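J.: I have a structure here, written as structure tokens, and I will follow up with some questions on it.
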Amino acid sequence: MRIGHGYDVHRLVKNRKLILGGVEIPFEKGLSGHSDADVLTHAVMDSLLGACALGDIGKLFPDNDERYKGADSIRLLKEVSNKIKRKGYTLENIDATVCCQAPKLRSYVDDMRKNIADALECSIDCISVKATTEEGLGFTGTSEGISATAVCIINNK
């Protein structure tokens with residue numbers, strides 16, 4: 001058994017879509033980044049890559065590579081999934097948390113879980129996504145950005 005941890009953060013800006021867990025969420029701001037800036041999916045990918053000692057998404061999908069400009073992070077997650085499967089690992093579970101003051105995410109969580117589970121070709125029961133505010137504290141609490149953390153457990157076949 002191996003455990004991985006992932007963390008990501010992006011700044012909220014105008015004129016960008018807000019995408020979390022592959023779900024487009026109506027909001028007046030979106031996340032700034034080279035790809036679609038999906039912090040949730042990025043944290044999940046980093047947890048998986050970390051569990052396999054394969055580096056991080058910056059190594060695999062560098063932000064100075066034009067191939068990943070505007071990239072769909074769920075598609076990138078599928079690539080990560082294939083990479084860890086080729087190494088002989090299987091996913092047991094993922095537990096992820098998104099930190100943002102706004103918007104409220106509760107009604108989108110099940111769709112996020114489904115998108116992540118579909119990309120990883122696993123049961124939705126293996127994917128947990130939670131959302132929390134930070135009571136107005138820090139950059140997420142003042143709506144300057146959104147962060148996400150994820151932990152995973154994988155097994156070697």
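Labeling convention for the structure tokens: chains A, B, ... as they appear, residues from 1 per chain, ligands from 1 in order of appearance.
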Could you name the residues that touch stretch 127-139 of chain A at 6 Å or less, counting only C-alpha atoms, but leaving out those on the same chain fewer than 6 positions away, as a PyMOL selection string?

T.: chain A and resi 93-101+113+145

J.: Any chance you could export the current selection's C-alpha atoms as a PDB file, in the first residue's frame?

T.:
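Once everything was written out, this is selection-v9.pdb:
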ATOM      1  CA  ASN A  93      -9.534   5.588  -2.656  1.00  0.00           C
ATOM      2  CA  ILE A  94      -9.156   9.366  -2.853  1.00  0.00           C
ATOM      3  CA  ASP A  95     -10.258  11.891  -0.246  1.00  0.00           C
ATOM      4  CA  ALA A  96     -10.191  15.517  -1.411  1.00  0.00           C
ATOM      5  CA  THR A  97     -11.161  18.885   0.048  1.00  0.00           C
ATOM      6  CA  VAL A  98     -11.761  22.164  -1.803  1.00  0.00           C
ATOM      7  CA  CYS A  99     -11.320  25.373   0.229  1.00  0.00           C
ATOM      8  CA  CYS A 100     -13.195  28.457  -0.975  1.00  0.00           C
ATOM      9  CA  GLN A 101     -15.428  31.091   0.540  1.00  0.00           C
ATOM     10  CA  ARG A 113     -16.935  12.747  -7.838  1.00  0.00           C
ATOM     11  CA  GLY A 145      -8.200  32.119  -4.713  1.00  0.00           C
TER      12      GLY A 145
END

J.: Can you tell me which residues surround A:Leu18 at a distance of at most 12 Å, considering only C-alpha atoms, apart from same-chain residues fewer than 2 positions away, and format the answer as a count of residues only?

T.: 33

J.: Can you list, as a ChimeraX atom specification, every residue of chain A that DSSP puts in alpha helix (DSSP H)?

T.: /A:39-51,57-60,73-86,109-120,138-141

J.: I'd like to know which of A:Ala71, A:Ile154, A:Met112, A:Cys126 is closest to A:Cys52, using only C-alpha atoms.

T.: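 Nearest to A:Cys52: A:Ile154.
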
J.: To one decimal place, how far is atom CA of A:Leu60 from atom CA of A:Glu92 in Å?

T.: 22.6 Å

J.: Compare A:Arg106, A:Lys83, A:Lys157, A:Lys114 by their minimum atom-to-atom distance to A:Gly55, counting only C-alpha atoms, and give me the closest one.

T.: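 Nearest candidate to A:Gly55 out of A:Arg106, A:Lys83, A:Lys157, A:Lys114: A:Lys83.
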
J.: Write out as a PyMOL selection string each polymer residue whose atoms come within 10 Å of A:Ser81, counting only C-alpha atoms; drop sequence neighbours fewer than 3 positions from it.

T.: chain A and resi 45+48-49+75-78+84-86+89-91+119-121

J.: Export N, CA and C atoms of the chosen residues as a short mmCIF file (atom, residue, chain, number, x, y, z; two decimals), in the first residue's frame?

T.:
data_model
loop_
_atom_site.label_atom_id
_atom_site.label_comp_id
_atom_site.auth_asym_id
_atom_site.auth_seq_id
_atom_site.Cartn_x
_atom_site.Cartn_y
_atom_site.Cartn_z
N MET A 45 -4.37 14.62 -9.05
CA MET A 45 -3.26 14.11 -9.86
C MET A 45 -1.96 14.09 -9.06
N LEU A 48 -1.80 11.15 -6.66
CA LEU A 48 -1.53 9.89 -7.34
C LEU A 48 -0.08 9.79 -7.79
N LEU A 49 0.43 10.86 -8.37
CA LEU A 49 1.82 10.86 -8.81
C LEU A 49 2.77 10.73 -7.63
N ARG A 75 -8.91 15.29 -18.70
CA ARG A 75 -8.16 14.54 -19.71
C ARG A 75 -6.75 14.24 -19.20
N LEU A 76 -6.14 15.21 -18.53
CA LEU A 76 -4.81 14.99 -17.97
C LEU A 76 -4.85 13.94 -16.86
N LEU A 77 -5.93 13.94 -16.08
CA LEU A 77 -6.09 12.93 -15.03
C LEU A 77 -6.15 11.53 -15.64
N LYS A 78 -6.80 11.39 -16.78
CA LYS A 78 -6.82 10.09 -17.47
C LYS A 78 -5.41 9.65 -17.83
N ILE A 84 -0.05 5.41 -13.90
CA ILE A 84 0.10 4.62 -12.67
C ILE A 84 -0.32 3.16 -12.89
N LYS A 85 -1.29 2.94 -13.77
CA LYS A 85 -1.69 1.55 -14.09
C LYS A 85 -0.55 0.82 -14.77
N ARG A 86 0.16 1.50 -15.67
CA ARG A 86 1.31 0.87 -16.35
C ARG A 86 2.41 0.51 -15.35
N TYR A 89 -0.01 -0.18 -10.42
CA TYR A 89 -0.76 0.26 -9.24
C TYR A 89 -2.26 0.30 -9.52
N THR A 90 -3.03 0.04 -8.46
CA THR A 90 -4.48 0.20 -8.53
C THR A 90 -4.92 1.15 -7.42
N LEU A 91 -5.92 1.93 -7.71
CA LEU A 91 -6.43 2.91 -6.76
C LEU A 91 -7.36 2.25 -5.74
N ALA A 119 -12.77 9.27 -14.93
CA ALA A 119 -11.41 9.45 -15.47
C ALA A 119 -10.46 8.37 -14.95
N LEU A 120 -10.69 7.94 -13.71
CA LEU A 120 -9.82 6.95 -13.09
C LEU A 120 -10.34 5.52 -13.29
N GLU A 121 -11.48 5.39 -13.95
CA GLU A 121 -12.11 4.10 -14.21
C GLU A 121 -12.29 3.31 -12.91
#

J.: What is the atom CA of A:Ser73 to atom CA of A:Ser143 distance in Å?

T.: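 Computing it gives 22.1 Å between the two atoms.
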
J.: For the structure I just gave you, how does DSSP split stretch 36-122 of chain A - specifically, which residues are strand (DSSP E)? Reply as a list in words.

T.: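 Those residues are Tyr89, Thr90, Leu91, Glu92, Asn93, Ile94, Asp95, Ala96, Thr97, Val98 and Cys99 of chain A.
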